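Below is one structure, written out as structure tokens, with a few remarks after it.
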Amino acid sequence: MSGGQGAIGAEQDRLLAFEVAGSRYALPIGCVVEVGEVAPLACIPTLPQRVGGVMNHHGDALPVLRRGVLLDVDEEGLPEPAHVLAITARPSGGARLGVPVDRIVGFVDGAPATALGDDPVAERRVVDGRVLFVLDPQRLVARAKDEIENSLGKE
Amino acid sequence: MGVRVSLTHKFVIGSLVVGGAVVAFPLLLERSGLAVSPWVGPFVALGVGAAIGFFLSRELTRTFQGLRTATEQISRGDLTTRVGLPENARFPDETNDLGHSIQRMARNLRDLVEHVQRTGDSVSSAAHELTRAAEGASQSTGEISSTVSDLARSVAEQQKLLNDANRLMHEIAVALERNADRAREAFGFAAEANQKAHSGVDVARLAIEKMRLVFERVEQSVTRVFTLEEKTRHVNQITALITSVAHRTNLLSLNASIEAARAGEAGRGFSVVAEEIRKLAESAGQSAEEISKLIAEIQTDTQAVADEMRESSLGVREGREDVDTIAHSLEHIRSAVGEAATRAEEIFQGTDLQTQDIERMVAAMDEVAKVAEHNAVVIEGVENTSGQQLGSMSEMVAASGTLLGLAEELQGVLRRLETGSPAPEEQAP
């Protein structure tokens, strides 16, 4: 997929595709800082563990939200995530977020998309006969921020 | 006591007195001078003679009257009578002697009768005793006869029982003989079983040795399988390491591709290399995954084999223990069979001894049966003799009864004789 999807072009024209709960998602490669190993999550005070925690990322605290909270998927019966994507809201930088994924699919040629509402899924494309949900990093980070703020102190 | 003068003398004296009177009186008259008729002298002499005769005859009459009274009383059986003789006879004669003789006769007769009475009483008493004794003896003899009859029946029953016992002893002897034959056969079988047990134990030992070899080989196989399992696990660890390396390489290539993409045009060549590395990592990862799958399958199979081998090992261990147990059991069986053979031989020999003993016992029982038969014959003779004795005792009882009757009759006769002594019934307390 990744190689076969097209030649390597500009940063803005490439997406990193991954799978969560059997669905394929994609993020602009410029916003992906690193694909990392899953490390144990540390608790954020007053934040419920079902929402997420923080992970050591090269000495920095990387907030990681669970897949069900971040992408509205049912985590019941899902295997443990294989990787954690460290992303930023914008290619130029900004707040970082850890997104746990089940599997890295590869690179997909295509332009990023901007979400219009609160839903982080900005666009749905069909690649290799499957639906690919193109995520808006800003919306995804904003959702994470909202979820964390909403969940703090609730338990 | 007067002067004893016999009747002859008295008659002579009387005659002399009469004759003298006849002669003397005329002479006296003549001398006296009295004129009397010549017939007076004879008449006076006759008168004197008559007076003398009167006195003498009166004396005799009295004496004979007493004698007659005494003899009549004696003839009536009164032996207590006393002869009434003059107490102071001046001239006792033969009549007095006769009276005294009759008196002595009566006394002697009284003594004799008393003696006879006493004897009769004794005879009567003895007859009574004899009758009672005879009756008792007859009763005892009857009881003896009854007892002898019972004894004869008992002896007959005993003889019957002895015959039964003898028959049973014969049957026991036959059974013992049969048992001896069977014991002999059992001894033969036990000896054969002992020999076969020995052979079986030897064969079993060989089989056990072979089974031990098999068990050792199985255990060696188990060890090899365990080693193979260990090596497979090691290979799996290596494969996991390769997989991990491939995963990390893939991750690094992904990050390298991301960094190359972020570098833009300057990172194009690096991006190509990273892409190739990622492909290689993916390929290596897939191969490692396949290897891992194969190894997992091998591990599963090896694990199954190992489990089976482990179970087999347990089974082998149990089998070895069972084989050892079988060997011990066979050894025990051989020992037991040998012991059984020994016991069978002892039984056989003991049965032989018992057979000899029972034969001797049968012979003794035959002798006892013969003795019992002889006893039965003797008892039968004793029974007949007892019957005859019982008859004799009945005759004796009858004879004693007759004797008692005679004794009582004699007592009756003697009781009629008065002796002056108290009657035996009166004497008896």
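Letters for chains follow the order of the structure tokens (A, B, ...), residue numbers begin at 1 for each chain, and ligand numbers begin at 1 in the order shown.
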
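Near Glu76 (chain A), within 12 Å and counting only C-alpha atoms, sit A:Ala21, A:Arg66, A:Arg67, A:Gly68, not including residues fewer than 5 positions from it in the same chain.
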
Exercise for review: Taking only C-alpha atoms into account, report as a ChimeraX atom specification which residues of chain B lie within 10 Å of chain A.
Suggested key: /B:247-248,250-265,268,271-272,275-276,278-279

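Counting only C-alpha atoms, the residue from B:Arg224, B:Arg217, B:His332, B:Lys293 that sits nearest to Thr243 (chain B) is B:Lys293.
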
**Study point:** Counting only C-alpha atoms, the residue of A:Met55, A:Val20, A:Ile44, A:Ala95 that sits nearest Asp74 (chain A)
**Key:**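 Between A:Met55, A:Val20, A:Ile44, A:Ala95, the residue approaching Asp74 (chain A) most closely is A:Val20.
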
Review point. For Arg205 (chain B), which residue out of B:Asp357, B:Ser329, B:Ser244, B:Val18 is the nearest one, using only C-alpha atoms?
Key: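 The answer is B:Ser329, which sits nearest to Arg205 (chain B).
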